[in-house]
>>> print(open('work32.txt').read())   # compact mmCIF, C-alpha atoms
# COMPACT_ATOMS: atom_id res chain seq x y z
CA MET T 12 0.00 0.00 0.00
CA ILE T 13 0.99 3.66 -0.30
CA THR T 14 1.05 5.80 2.82
CA GLU T 15 1.83 9.47 3.23
CA GLU T 16 4.23 10.48 5.96
CA THR T 17 5.24 13.96 7.05
CA SER T 18 8.93 14.67 6.74
CA THR T 19 10.42 16.67 9.64
CA ASP T 20 13.67 17.27 7.79
CA SER T 21 12.54 20.43 6.05
CA PRO T 22 10.83 23.60 7.25
CA GLN T 23 8.13 23.06 4.65
CA GLN T 24 7.08 19.81 6.41
CA ALA T 25 6.82 18.15 2.99
CA ARG T 26 4.62 15.10 2.68
CA THR T 27 6.32 12.22 0.89
CA LYS T 28 4.91 8.97 -0.40
CA GLN T 29 6.26 5.83 1.19
CA LEU T 30 5.92 2.49 -0.57
CA LYS T 31 4.84 -0.20 1.88
CA LEU T 32 4.22 -3.64 0.44
CA PRO T 33 4.44 -7.00 2.21
CA PRO T 34 6.96 -9.57 0.98
CA LEU T 35 5.98 -11.42 -2.18
CA GLN T 36 4.95 -15.01 -1.52
CA LEU T 37 5.59 -17.49 -4.35
CA GLY T 38 4.56 -20.86 -3.02
CA LYS T 39 7.06 -21.79 -0.32
CA HIS T 40 9.36 -18.87 -1.17
CA THR T 41 9.22 -15.43 0.42
CA ILE T 42 10.69 -12.54 -1.60
CA ASP T 43 11.30 -9.81 0.97
CA THR T 44 11.65 -7.11 -1.69
CA PRO T 45 8.79 -7.76 -4.16
CA VAL T 46 10.83 -6.96 -7.27
CA VAL T 47 11.57 -9.35 -10.14
CA LEU T 48 14.30 -9.02 -12.76
CA ALA T 49 12.63 -9.83 -16.08
CA PRO T 50 14.36 -12.45 -18.24
CA MET T 51 16.19 -10.74 -21.10
CA ALA T 52 18.06 -12.68 -23.77
CA GLY T 53 21.77 -11.91 -23.72
CA VAL T 54 21.41 -9.74 -20.62
CA THR T 55 20.26 -11.60 -17.50
CA ASN T 56 23.13 -14.06 -17.30
CA LYS T 57 25.00 -14.88 -14.09
CA ALA T 58 27.22 -11.81 -14.40
CA PHE T 59 24.40 -9.28 -14.60
CA ARG T 60 22.30 -11.05 -11.98
CA ARG T 61 25.21 -10.85 -9.54
CA LEU T 62 25.59 -7.11 -10.09
CA CYS T 63 21.88 -6.54 -9.48
CA ARG T 64 21.85 -8.69 -6.33
CA GLU T 65 24.72 -6.69 -4.87
CA TYR T 66 22.57 -3.58 -4.92
CA GLY T 67 19.21 -4.85 -3.74
CA GLY T 68 16.90 -7.73 -2.99
CA GLY T 69 14.45 -9.40 -5.29
CA LEU T 70 13.99 -12.40 -7.55
CA TYR T 71 16.51 -12.66 -10.37
CA VAL T 72 15.50 -14.75 -13.37
CA THR T 73 17.75 -16.31 -16.02
CA GLU T 74 17.54 -15.65 -19.72
CA MET T 75 14.66 -17.43 -21.43
CA VAL T 76 15.49 -20.96 -22.62
CA THR T 77 13.46 -23.20 -24.91
CA ALA T 78 11.94 -26.38 -23.57
CA ARG T 79 13.20 -28.45 -26.48
CA SER T 80 16.81 -27.38 -26.02
CA LEU T 81 16.63 -28.43 -22.38
CA VAL T 82 15.11 -31.78 -23.25
CA GLU T 83 17.92 -32.33 -25.76
CA ARG T 84 20.44 -31.23 -23.11
CA ASN T 85 21.95 -28.60 -25.35
CA PRO T 86 25.13 -27.39 -23.58
CA GLU T 87 24.30 -23.72 -24.10
CA SER T 88 20.79 -24.14 -22.69
CA LEU T 89 22.20 -25.86 -19.61
CA ARG T 90 24.67 -22.99 -19.22
CA ILE T 91 21.86 -20.45 -19.38
CA ILE T 92 20.11 -22.01 -16.38
CA GLU T 93 23.27 -22.22 -14.25
CA HIS T 94 23.30 -20.19 -11.04
CA ASP T 95 25.90 -18.89 -8.66
CA GLY T 96 26.10 -20.76 -5.39
CA ASP T 97 24.79 -17.80 -3.40
CA GLU T 98 21.64 -17.24 -5.48
CA GLN T 99 19.11 -18.03 -2.78
CA ILE T 100 16.21 -18.71 -5.13
CA ARG T 101 17.36 -20.19 -8.42
CA SER T 102 14.84 -18.86 -10.92
CA ILE T 103 14.60 -19.84 -14.58
CA GLN T 104 12.25 -19.02 -17.45
CA ILE T 105 11.19 -21.61 -20.01
CA TYR T 106 9.58 -20.97 -23.38
CA GLY T 107 7.69 -23.70 -25.20
CA VAL T 108 4.84 -24.31 -27.61
CA ASP T 109 4.25 -27.99 -26.93
CA ALA T 110 2.90 -29.30 -23.63
CA LEU T 111 4.85 -32.54 -23.93
CA ASN T 112 8.20 -30.77 -24.40
CA VAL T 113 7.44 -28.26 -21.65
CA GLY T 114 6.55 -31.10 -19.30
CA LYS T 115 9.74 -33.00 -20.12
CA ALA T 116 11.88 -29.89 -19.65
CA ILE T 117 10.38 -29.10 -16.27
CA ARG T 118 10.70 -32.72 -15.17
CA LEU T 119 14.42 -32.56 -16.04
CA VAL T 120 14.83 -29.34 -14.07
CA VAL T 121 12.94 -30.76 -11.09
CA GLU T 122 14.58 -34.18 -10.98
CA GLU T 123 18.08 -32.72 -11.38
CA ASP T 124 17.45 -29.96 -8.83
CA ARG T 125 18.33 -27.13 -11.21
CA ALA T 126 15.82 -24.49 -10.03
CA ASP T 127 13.68 -23.36 -7.09
CA HIS T 128 11.23 -21.35 -9.20
CA ILE T 129 10.10 -21.71 -12.81
CA ASP T 130 8.45 -19.08 -14.99
CA LEU T 131 6.77 -19.69 -18.34
CA ASN T 132 7.06 -17.12 -21.11
CA PHE T 133 3.89 -16.08 -22.91
CA GLY T 134 4.96 -12.50 -23.56
CA CYS T 135 7.78 -12.47 -26.09
CA PRO T 136 6.78 -10.23 -29.06
CA VAL T 137 9.78 -11.04 -31.27
CA PRO T 138 8.58 -11.92 -34.80
CA LYS T 139 10.69 -15.10 -35.06
CA VAL T 140 8.77 -16.36 -32.00
CA THR T 141 5.24 -15.15 -32.73
CA LYS T 142 5.30 -16.18 -36.41
CA LEU T 143 5.58 -19.78 -35.18
CA GLY T 144 2.77 -19.39 -32.64
CA GLY T 145 4.95 -18.86 -29.58
CA GLY T 146 5.37 -16.11 -27.01
CA SER T 147 2.60 -13.51 -26.93
CA ALA T 148 0.79 -15.24 -29.81
CA LEU T 149 0.26 -18.49 -27.93
CA PRO T 150 -2.48 -17.56 -25.40
CA TRP T 151 -4.85 -16.94 -28.32
CA LYS T 152 -5.11 -20.72 -28.60
CA THR T 153 -6.83 -21.44 -25.31
CA ASP T 154 -6.54 -25.22 -25.55
CA LEU T 155 -2.80 -25.07 -26.16
CA PHE T 156 -2.27 -22.50 -23.43
CA THR T 157 -4.30 -24.55 -20.95
CA ALA T 158 -2.45 -27.78 -21.76
CA ILE T 159 0.98 -26.16 -21.35
CA VAL T 160 0.19 -24.43 -18.07
CA GLN T 161 -1.53 -27.45 -16.52
CA THR T 162 1.31 -29.76 -17.54
CA ALA T 163 3.93 -27.34 -16.23
CA VAL T 164 2.23 -26.90 -12.86
CA ARG T 165 1.83 -30.65 -12.47
CA GLU T 166 5.49 -31.38 -13.20
CA ALA T 167 6.78 -28.54 -11.02
CA SER T 168 4.61 -29.62 -8.12
CA ARG T 169 6.46 -32.93 -7.91
CA LYS T 170 9.07 -31.12 -5.78
CA ASP T 171 6.84 -28.28 -4.61
CA ILE T 172 8.44 -25.79 -7.01
CA PRO T 173 6.22 -22.74 -7.63
CA LEU T 174 5.44 -22.04 -11.26
CA THR T 175 4.50 -18.60 -12.55
CA ILE T 176 3.65 -17.11 -15.95
CA LYS T 177 4.53 -13.85 -17.68
CA MET T 178 2.32 -12.57 -20.47
CA ARG T 179 1.18 -9.54 -22.45
CA LYS T 180 -2.30 -8.08 -22.91
CA GLY T 181 -2.76 -9.97 -26.16
CA ILE T 182 -1.85 -9.89 -29.81
CA ASP T 183 -3.34 -6.46 -30.49
CA GLU T 184 -6.18 -4.35 -29.11
CA ASP T 185 -8.69 -6.39 -31.12
CA HIS T 186 -7.35 -9.70 -29.83
CA LEU T 187 -6.82 -9.36 -26.09
CA THR T 188 -6.23 -12.52 -24.08
CA TYR T 189 -4.88 -11.53 -20.67
CA LEU T 190 -8.01 -11.76 -18.53
CA GLU T 191 -9.08 -15.14 -19.88
CA SER T 192 -5.53 -16.48 -19.76
CA ALA T 193 -5.09 -15.33 -16.17
CA LYS T 194 -8.23 -17.17 -15.08
CA ILE T 195 -7.03 -20.35 -16.79
CA ALA T 196 -3.63 -19.98 -15.12
CA ARG T 197 -5.19 -19.29 -11.71
CA ASP T 198 -7.42 -22.35 -12.00
CA SER T 199 -4.41 -24.42 -13.07
CA GLY T 200 -2.55 -23.59 -9.87
CA VAL T 201 0.10 -21.02 -10.83
CA ALA T 202 1.83 -19.20 -7.98
CA ALA T 203 1.72 -15.73 -9.59
CA ILE T 204 0.91 -13.93 -12.83
CA ALA T 205 2.98 -11.13 -14.35
CA LEU T 206 1.46 -8.83 -16.95
CA HIS T 207 3.32 -6.52 -19.30
CA GLY T 208 0.83 -3.80 -20.11
CA ARG T 209 1.41 -3.89 -23.87
CA THR T 210 0.22 -6.03 -26.76
CA ALA T 211 2.52 -7.93 -29.10
CA ALA T 212 1.71 -5.34 -31.79
CA GLN T 213 3.08 -2.55 -29.58
CA HIS T 214 6.37 -4.36 -29.04
CA TYR T 215 7.98 -1.82 -26.64
CA SER T 216 6.56 1.33 -28.22
CA GLY T 217 4.30 3.90 -26.64
CA LYS T 218 3.29 3.72 -23.01
CA ALA T 219 2.49 0.59 -21.04
CA ASP T 220 -1.20 0.32 -20.16
CA TRP T 221 -1.16 0.19 -16.38
CA ASP T 222 -4.98 0.27 -16.34
CA SER T 223 -4.97 -3.24 -17.80
CA ILE T 224 -2.76 -4.36 -14.91
CA ALA T 225 -5.23 -2.82 -12.46
CA ARG T 226 -8.11 -4.65 -14.20
CA LEU T 227 -6.21 -7.92 -13.88
CA ARG T 228 -5.57 -7.27 -10.19
CA GLU T 229 -9.29 -6.72 -9.68
CA ALA T 230 -10.29 -9.78 -11.72
CA ILE T 231 -7.82 -12.13 -10.02
CA PRO T 232 -7.75 -11.22 -6.31
CA ASP T 233 -6.59 -14.63 -5.07
CA VAL T 234 -3.20 -14.95 -6.84
CA PRO T 235 -0.25 -12.53 -6.63
CA ILE T 236 -0.23 -10.16 -9.62
CA LEU T 237 3.00 -8.53 -10.82
CA GLY T 238 3.10 -5.44 -13.01
CA ASN T 239 5.59 -4.95 -15.85
CA GLY T 240 6.17 -2.09 -18.25
CA ASP T 241 7.82 1.33 -18.01
CA ILE T 242 9.53 0.91 -14.64
CA PHE T 243 12.57 3.13 -15.14
CA SER T 244 12.92 4.42 -11.58
CA ALA T 245 11.84 3.79 -8.02
CA GLU T 246 9.28 6.54 -8.47
CA ASP T 247 7.78 4.61 -11.40
CA ALA T 248 7.46 1.59 -9.13
CA ILE T 249 5.66 3.64 -6.49
CA ALA T 250 3.31 5.03 -9.15
CA MET T 251 2.52 1.58 -10.54
CA VAL T 252 1.72 0.13 -7.13
CA GLU T 253 -0.44 3.14 -6.33
CA GLN T 254 -2.34 2.94 -9.62
CA THR T 255 -2.74 -0.83 -9.95
CA GLY T 256 -2.58 -2.41 -6.49
CA VAL T 257 -0.12 -5.08 -7.66
CA ASP T 258 1.76 -7.34 -5.26
CA GLY T 259 5.11 -6.66 -6.89
CA ILE T 260 6.81 -5.31 -9.98
CA VAL T 261 8.87 -6.76 -12.83
CA VAL T 262 11.75 -4.71 -14.23
CA GLY T 263 13.13 -5.22 -17.73
CA ARG T 264 14.65 -2.51 -19.94
CA GLY T 265 14.76 -0.04 -17.05
CA CYS T 266 17.73 -1.78 -15.45
CA GLN T 267 19.83 -2.14 -18.61
CA GLY T 268 23.12 -0.48 -17.76
CA ARG T 269 21.73 0.36 -14.31
CA PRO T 270 22.07 -2.58 -11.91
CA TRP T 271 21.90 -0.03 -9.09
CA LEU T 272 18.20 0.45 -9.89
CA PHE T 273 17.56 -2.56 -7.63
CA GLY T 274 19.10 -0.63 -4.76
CA ASP T 275 16.75 2.27 -5.46
CA LEU T 276 13.79 -0.12 -5.61
CA GLN T 277 14.70 -1.77 -2.32
CA ASN T 278 15.03 1.64 -0.72
CA ALA T 279 11.61 2.61 -2.05
CA PHE T 280 10.03 -0.56 -0.71
CA GLU T 281 11.66 0.10 2.67
CA GLY T 282 10.37 3.67 2.75
CA SER T 283 13.71 5.34 2.10
CA GLU T 284 14.17 8.24 -0.32
CA GLU T 285 17.85 7.44 -0.88
CA ARG T 286 18.69 6.94 -4.56
CA HIS T 287 21.87 6.07 -6.43
CA ARG T 288 23.22 8.96 -8.50
CA PRO T 289 26.49 7.58 -9.89
CA ALA T 290 29.17 9.84 -11.31
CA VAL T 291 31.17 8.82 -14.38
CA SER T 292 33.90 7.22 -12.25
CA GLU T 293 31.38 4.93 -10.53
CA VAL T 294 29.80 3.96 -13.85
CA ALA T 295 33.25 3.17 -15.24
CA ASP T 296 34.04 0.94 -12.25
CA MET T 297 30.73 -0.86 -12.59
CA ILE T 298 30.92 -1.58 -16.32
CA TYR T 299 34.49 -2.84 -15.92
CA ARG T 300 33.38 -5.16 -13.11
CA HIS T 301 30.55 -6.30 -15.37
CA ALA T 302 33.09 -7.12 -18.09
CA GLU T 303 35.23 -9.09 -15.63
CA LEU T 304 32.21 -11.09 -14.49
CA LEU T 305 31.24 -11.83 -18.10
CA VAL T 306 34.74 -13.14 -18.81
CA GLU T 307 34.44 -15.32 -15.71
CA THR T 308 30.94 -16.47 -16.64
CA PHE T 309 31.90 -17.59 -20.14
CA GLY T 310 35.45 -18.62 -19.29
CA ASP T 311 36.61 -16.76 -22.38
CA GLU T 312 37.85 -13.18 -22.60
CA THR T 313 36.91 -12.74 -26.23
CA ARG T 314 33.32 -13.81 -25.68
CA GLY T 315 33.02 -11.86 -22.43
CA LEU T 316 34.18 -8.65 -24.12
CA ARG T 317 31.91 -9.30 -27.08
CA GLU T 318 29.01 -9.45 -24.61
CA ILE T 319 29.92 -6.23 -22.77
CA ARG T 320 29.93 -4.19 -25.99
CA LYS T 321 26.14 -3.94 -26.16
CA HIS T 322 26.04 -2.65 -22.58
CA VAL T 323 28.21 0.42 -23.31
CA ALA T 324 25.36 2.57 -24.65
CA TRP T 325 23.14 1.55 -21.73
CA TYR T 326 25.67 2.33 -19.00
CA PHE T 327 26.63 5.70 -20.44
CA HIS T 328 23.11 6.72 -21.48
CA GLY T 329 22.85 10.45 -20.75
CA TYR T 330 26.48 10.85 -19.74
CA PRO T 331 28.65 13.24 -21.82
CA VAL T 332 30.92 10.65 -23.39
CA GLY T 333 32.29 11.45 -26.84
CA GLY T 334 31.33 9.42 -29.89
CA ARG T 335 34.91 8.37 -30.63
CA LEU T 336 35.38 6.91 -27.16
CA ARG T 337 31.97 5.25 -27.22
CA ALA T 338 32.86 3.63 -30.55
CA LYS T 339 36.14 2.31 -29.14
CA MET T 340 34.40 0.84 -26.10
CA SER T 341 31.75 -0.73 -28.32
CA THR T 342 34.45 -2.73 -30.12
CA VAL T 343 36.69 -3.37 -27.12
CA PRO T 344 38.92 -6.44 -27.70
CA THR T 345 40.46 -7.11 -24.25
CA LEU T 346 40.08 -6.24 -20.58
CA GLU T 347 43.39 -4.39 -20.71
CA ALA T 348 42.14 -2.23 -23.58
CA PHE T 349 38.89 -1.65 -21.72
CA ARG T 350 40.81 -0.30 -18.71
CA GLU T 351 42.66 2.08 -21.00
CA TYR T 352 39.48 3.31 -22.70
CA LEU T 353 37.71 3.87 -19.38
CA ALA T 354 40.73 5.83 -18.12
CA GLU T 355 40.16 8.29 -20.97
CA LEU T 356 36.80 9.31 -19.51
CA ASP T 357 36.52 12.61 -17.67
CA HIS T 358 36.21 11.22 -14.14
CA SER T 359 35.38 14.65 -12.74
CA ILE T 360 31.90 14.49 -14.30
CA GLY T 361 29.16 13.92 -11.74
CA TYR T 362 25.66 12.60 -12.18
CA PRO T 363 24.08 14.40 -15.19
CA GLY T 364 20.57 14.29 -13.74
CA GLU T 365 17.54 14.27 -16.04
CA ALA T 366 19.54 13.17 -19.08
CA VAL T 367 20.08 9.78 -17.46
CA GLU T 368 16.47 9.30 -16.37
CA GLY T 369 13.50 7.95 -18.25
CA PRO T 370 13.08 5.28 -20.93
CA ARG T 371 16.05 3.35 -22.20
CA GLY T 372 16.56 0.41 -24.51
CA ARG T 373 14.95 0.00 -27.91
CA ALA T 374 11.32 1.06 -28.01
CA GLY T 375 10.70 0.42 -31.71
CA ASN T 376 7.42 1.17 -33.41
CA PRO T 377 4.05 -0.56 -33.40
CA LYS T 378 3.90 -3.21 -36.11
CA LYS T 379 1.53 -5.84 -37.33
CA PRO T 380 2.35 -9.04 -35.44
CA HIS T 381 3.88 -11.91 -37.39
CA LEU T 382 1.58 -14.90 -36.91
CA PRO T 383 1.09 -18.32 -38.51
CA ASP T 384 -1.36 -18.29 -41.42
CA GLY T 385 -4.94 -18.34 -40.19
CA TRP T 386 -3.87 -18.14 -36.53
CA LEU T 387 -6.66 -15.70 -35.61
CA ASP T 388 -9.41 -17.68 -37.31
CA SER T 389 -10.09 -19.83 -34.25
CA ARG T 390 -9.27 -19.88 -30.55
CA LEU T 391 -8.57 -23.60 -30.82
CA LEU T 392 -5.47 -25.17 -32.33
CA GLY T 393 -6.04 -26.99 -35.62
CA ASP T 394 -4.10 -30.03 -36.80
CA ALA T 395 -2.23 -28.07 -39.48
CA GLU T 396 -1.25 -25.41 -36.94
CA ARG T 397 -0.09 -28.09 -34.52
CA LEU T 398 2.30 -29.40 -37.16
CA GLY T 399 3.52 -25.88 -37.81
CA LEU T 400 4.67 -25.50 -34.21
CA VAL T 401 7.39 -28.09 -34.68
CA GLY T 402 10.03 -25.51 -35.59
CA ALA T 403 9.16 -23.03 -32.86
CA GLU T 404 11.60 -24.43 -30.31
CA LEU T 405 14.61 -25.00 -32.55
CA ASP T 406 16.56 -22.10 -31.06
CA ILE T 407 18.17 -22.33 -27.64
CA SER T 408 16.55 -19.10 -26.53
CA GLY T 409 13.31 -17.66 -27.84
CA GLY T 410 14.65 -14.13 -27.49
>>> encode(input="work32.txt", output="structure tokens")
Amino acid sequence: MITEETSTDSPQQARTKQLKLPPLQLGKHTIDTPVVLAPMAGVTNKAFRRLCREYGGGLYVTEMVTARSLVERNPESLRIIEHDGDEQIRSIQIYGVDALNVGKAIRLVVEEDRADHIDLNFGCPVPKVTKLGGGSALPWKTDLFTAIVQTAVREASRKDIPLTIKMRKGIDEDHLTYLESAKIARDSGVAAIALHGRTAAQHYSGKADWDSIARLREAIPDVPILGNGDIFSAEDAIAMVEQTGVDGIVVGRGCQGRPWLFGDLQNAFEGSEERHRPAVSEVADMIYRHAELLVETFGDETRGLREIRKHVAWYFHGYPVGGRLRAKMSTVPTLEAFREYLAELDHSIGYPGEAVEGPRGRAGNPKKPHLPDGWLDSRLLGDAERLGLVGAELDISGG
């Protein structure tokens, strides 16, 4: 809940909003700070999760991995779901379009004790996923959605592992699925439901529809509801909780290049107004540590540095860093070179303020969703469509 408290620190006796929410309960697990790191392909690996955990509490989820690749024991898929020894709740996200494969993948995870929490992805808007009937396209087929969720819950329950789902509003404004899907998921026994307040057609453009999250909260009062979309600051989190009444929030693009956001969020949930305002020197130290952790994670300096390149623009978003130096860092070949490039920064520059705030990451533009032929003709899966799903899990990650 949101309460207003009078501050005695200023002569104006300003009234400030304090975010007070109970811990998030996911089955047998208690998340003291009700914040979830959204799975992001190529981002939420062990290295980034460690950085986020060092700043604040929450639930930190792996990159999305396909059910089929797990069943086939693909080495890269097994790497994706690896966790550091001190990750208290090992959380993974699985993407699948076939109940049998999803069931087999979760059984493997359960029997081999590879996770403490499992999330299912029904929200990915990427065309290569939706054109094969996966991600945010899948809930349109209610029979397929029901079969996958019921199978997943049954397999996860063998070891009392809570299973949650993450979804979008629907395919587009004319084909919304979230309310119906949430009721199916609730009746199937999921531990929580996360809703990104956009359709697949919106991708990440425009503003997230927090009103839809509020409607879901009202429609499903007996299962924890998590809100996702446009959380770029602790103040955004406070606003979402106030507007929607959710039990927790899910953070995606807002933390790219800003692992300290989880410290701000924890402070907000504990009623503190303290926020991280890193100067250039602190950002430089953090991105270098991120690079070191990536090298450690992959056991290969070349691959680790290749991974850090995409983070450069995110970390220095809004900071006055010249184009030439940004370009060098975006093609950095070694840790030694990275140290040299970072030393070239003007370390006297403090926090730039508003330039750093607000949306980050690619927003894109609304676009017509890529779907299998005839996908919208029926809410039930036809035989031809079932055959067409065969190729949907060929990749290791759906992202």
>>> closest_residue(input="work32.txt", among="T:His322, T:Arg90, T:Arg317, T:Arg125", to="T:Thr345", atoms="only C-alpha atoms")
T:Arg317
>>> atom_distance(input="work32.txt", atom1="atom CA of T:Ala202", atom2="atom CA of T:Tyr66")
26.1 Å
>>> residues_around(input="work32.txt", residues="T:Glu166", least_positions_apart="6", cutoff="12 Å", atoms="all atoms listed in the file", output="PyMOL selection string")
chain T and resi 110-122+129+159-160+172-174+200-201
>>> atom_distance(input="work32.txt", atom1="atom CA of T:Asp198", atom2="atom CA of T:Pro380")
28.7 Å
>>> closest_residue(input="work32.txt", among="T:Gly96, T:Pro383, T:Gly333, T:Gly274", to="T:Pro138", atoms="all atoms listed in the file")
T:Pro383
>>> atom_distance(input="work32.txt", atom1="atom CA of T:Val72", atom2="atom CA of T:Asn376")
26.8 Å
>>> closest_residue(input="work32.txt", among="T:Gly256, T:Ala290, T:Asp127, T:Gly145", to="T:Gly364", atoms="all atoms listed in the file")
T:Ala290
>>> closest_residue(input="work32.txt", among="T:Asp124, T:Asp311, T:Glu65, T:Glu368", to="T:Arg288", atoms="only C-alpha atoms")
T:Glu368
>>> axis_aligned_box(input="work32.txt", around="stretch 265-273 of chain T", padding_each_side="5 Å", output="JSON")
{"center_x": 18.9, "center_y": -1.1, "center_z": -13.1, "size_x": 18.4, "size_y": 13.0, "size_z": 21.0}
>>> residues_around(input="work32.txt", residues="T:Lys177", least_positions_apart="4", cutoff="8 Å", atoms="all atoms listed in the file", output="PyMOL selection string")
chain T and resi 130-134+204-207
>>> residues_around(input="work32.txt", residues="stretch 239-247 of chain T", least_positions_apart="4", cutoff="7 Å", atoms="only C-alpha atoms", output="ChimeraX atom specification")
/T:205-208,219,251,260-262,265,272,275-276,279,369-370
>>> residues_around(input="work32.txt", residues="stretch 150-154 of chain T", least_positions_apart="5", cutoff="6 Å", atoms="all atoms listed in the file", output="list in words")
Arg390, Leu391 and Leu392 of chain T
>>> write_last_selection(input="work32.txt", atoms="C-alpha atoms", output="mmCIF file, in the coordinates of the input")
data_model
loop_
_atom_site.group_PDB
_atom_site.id
_atom_site.type_symbol
_atom_site.label_atom_id
_atom_site.label_comp_id
_atom_site.auth_asym_id
_atom_site.auth_seq_id
_atom_site.Cartn_x
_atom_site.Cartn_y
_atom_site.Cartn_z
ATOM 1 C CA ARG T 390 -9.270 -19.880 -30.550
ATOM 2 C CA LEU T 391 -8.570 -23.600 -30.820
ATOM 3 C CA LEU T 392 -5.470 -25.170 -32.330
#
>>> residues_around(input="work32.txt", residues="T:Tyr326", least_positions_apart="4", cutoff="12 Å", atoms="all atoms listed in the file", output="mmCIF file with C-alpha atoms, in the coordinates of the input")
data_model
loop_
_atom_site.group_PDB
_atom_site.id
_atom_site.type_symbol
_atom_site.label_atom_id
_atom_site.label_comp_id
_atom_site.auth_asym_id
_atom_site.auth_seq_id
_atom_site.Cartn_x
_atom_site.Cartn_y
_atom_site.Cartn_z
ATOM 1 C CA GLY T 265 14.760 -0.040 -17.050
ATOM 2 C CA CYS T 266 17.730 -1.780 -15.450
ATOM 3 C CA GLN T 267 19.830 -2.140 -18.610
ATOM 4 C CA GLY T 268 23.120 -0.480 -17.760
ATOM 5 C CA ARG T 269 21.730 0.360 -14.310
ATOM 6 C CA PRO T 270 22.070 -2.580 -11.910
ATOM 7 C CA TRP T 271 21.900 -0.030 -9.090
ATOM 8 C CA LEU T 272 18.200 0.450 -9.890
ATOM 9 C CA PRO T 289 26.490 7.580 -9.890
ATOM 10 C CA ALA T 290 29.170 9.840 -11.310
ATOM 11 C CA VAL T 291 31.170 8.820 -14.380
ATOM 12 C CA SER T 292 33.900 7.220 -12.250
ATOM 13 C CA GLU T 293 31.380 4.930 -10.530
ATOM 14 C CA VAL T 294 29.800 3.960 -13.850
ATOM 15 C CA ALA T 295 33.250 3.170 -15.240
ATOM 16 C CA ASP T 296 34.040 0.940 -12.250
ATOM 17 C CA MET T 297 30.730 -0.860 -12.590
ATOM 18 C CA ILE T 298 30.920 -1.580 -16.320
ATOM 19 C CA TYR T 299 34.490 -2.840 -15.920
ATOM 20 C CA HIS T 301 30.550 -6.300 -15.370
ATOM 21 C CA ILE T 319 29.920 -6.230 -22.770
ATOM 22 C CA ARG T 320 29.930 -4.190 -25.990
ATOM 23 C CA LYS T 321 26.140 -3.940 -26.160
ATOM 24 C CA HIS T 322 26.040 -2.650 -22.580
ATOM 25 C CA TYR T 330 26.480 10.850 -19.740
ATOM 26 C CA PRO T 331 28.650 13.240 -21.820
ATOM 27 C CA VAL T 332 30.920 10.650 -23.390
ATOM 28 C CA ARG T 337 31.970 5.250 -27.220
ATOM 29 C CA MET T 340 34.400 0.840 -26.100
ATOM 30 C CA SER T 341 31.750 -0.730 -28.320
ATOM 31 C CA VAL T 367 20.080 9.780 -17.460
ATOM 32 C CA GLU T 368 16.470 9.300 -16.370
ATOM 33 C CA ARG T 371 16.050 3.350 -22.200
ATOM 34 C CA GLY T 372 16.560 0.410 -24.510
#
>>> closest_residue(input="work32.txt", among="T:Gly315, T:Gly69, T:Gly238, T:Gly146", to="T:Ala225", atoms="all atoms listed in the file")
T:Gly238
>>> closest_residue(input="work32.txt", among="T:Asp183, T:Asp43, T:Glu307, T:Asp384", to="T:Thr210", atoms="all atoms listed in the file")
T:Asp183
>>> decode(input="work32.txt", residues="stretch 313-339 of chain T", atoms="C-alpha atoms", output="PDB file, in the first residue's frame")
ATOM      1  CA  THR T 313      36.911 -12.742 -26.234  1.00  0.00           C
ATOM      2  CA  ARG T 314      33.323 -13.808 -25.679  1.00  0.00           C
ATOM      3  CA  GLY T 315      33.024 -11.856 -22.435  1.00  0.00           C
ATOM      4  CA  LEU T 316      34.183  -8.652 -24.122  1.00  0.00           C
ATOM      5  CA  ARG T 317      31.906  -9.297 -27.084  1.00  0.00           C
ATOM      6  CA  GLU T 318      29.011  -9.445 -24.614  1.00  0.00           C
ATOM      7  CA  ILE T 319      29.924  -6.230 -22.774  1.00  0.00           C
ATOM      8  CA  ARG T 320      29.927  -4.186 -25.988  1.00  0.00           C
ATOM      9  CA  LYS T 321      26.136  -3.937 -26.163  1.00  0.00           C
ATOM     10  CA  HIS T 322      26.037  -2.650 -22.580  1.00  0.00           C
ATOM     11  CA  VAL T 323      28.209   0.419 -23.305  1.00  0.00           C
ATOM     12  CA  ALA T 324      25.364   2.565 -24.654  1.00  0.00           C
ATOM     13  CA  TRP T 325      23.140   1.552 -21.734  1.00  0.00           C
ATOM     14  CA  TYR T 326      25.671   2.327 -19.003  1.00  0.00           C
ATOM     15  CA  PHE T 327      26.627   5.705 -20.436  1.00  0.00           C
ATOM     16  CA  HIS T 328      23.111   6.720 -21.483  1.00  0.00           C
ATOM     17  CA  GLY T 329      22.852  10.452 -20.749  1.00  0.00           C
ATOM     18  CA  TYR T 330      26.481  10.849 -19.744  1.00  0.00           C
ATOM     19  CA  PRO T 331      28.647  13.241 -21.817  1.00  0.00           C
ATOM     20  CA  VAL T 332      30.916  10.646 -23.392  1.00  0.00           C
ATOM     21  CA  GLY T 333      32.286  11.455 -26.839  1.00  0.00           C
ATOM     22  CA  GLY T 334      31.331   9.424 -29.891  1.00  0.00           C
ATOM     23  CA  ARG T 335      34.905   8.375 -30.633  1.00  0.00           C
ATOM     24  CA  LEU T 336      35.380   6.909 -27.163  1.00  0.00           C
ATOM     25  CA  ARG T 337      31.967   5.246 -27.223  1.00  0.00           C
ATOM     26  CA  ALA T 338      32.864   3.627 -30.548  1.00  0.00           C
ATOM     27  CA  LYS T 339      36.135   2.306 -29.137  1.00  0.00           C
TER      28      LYS T 339
END
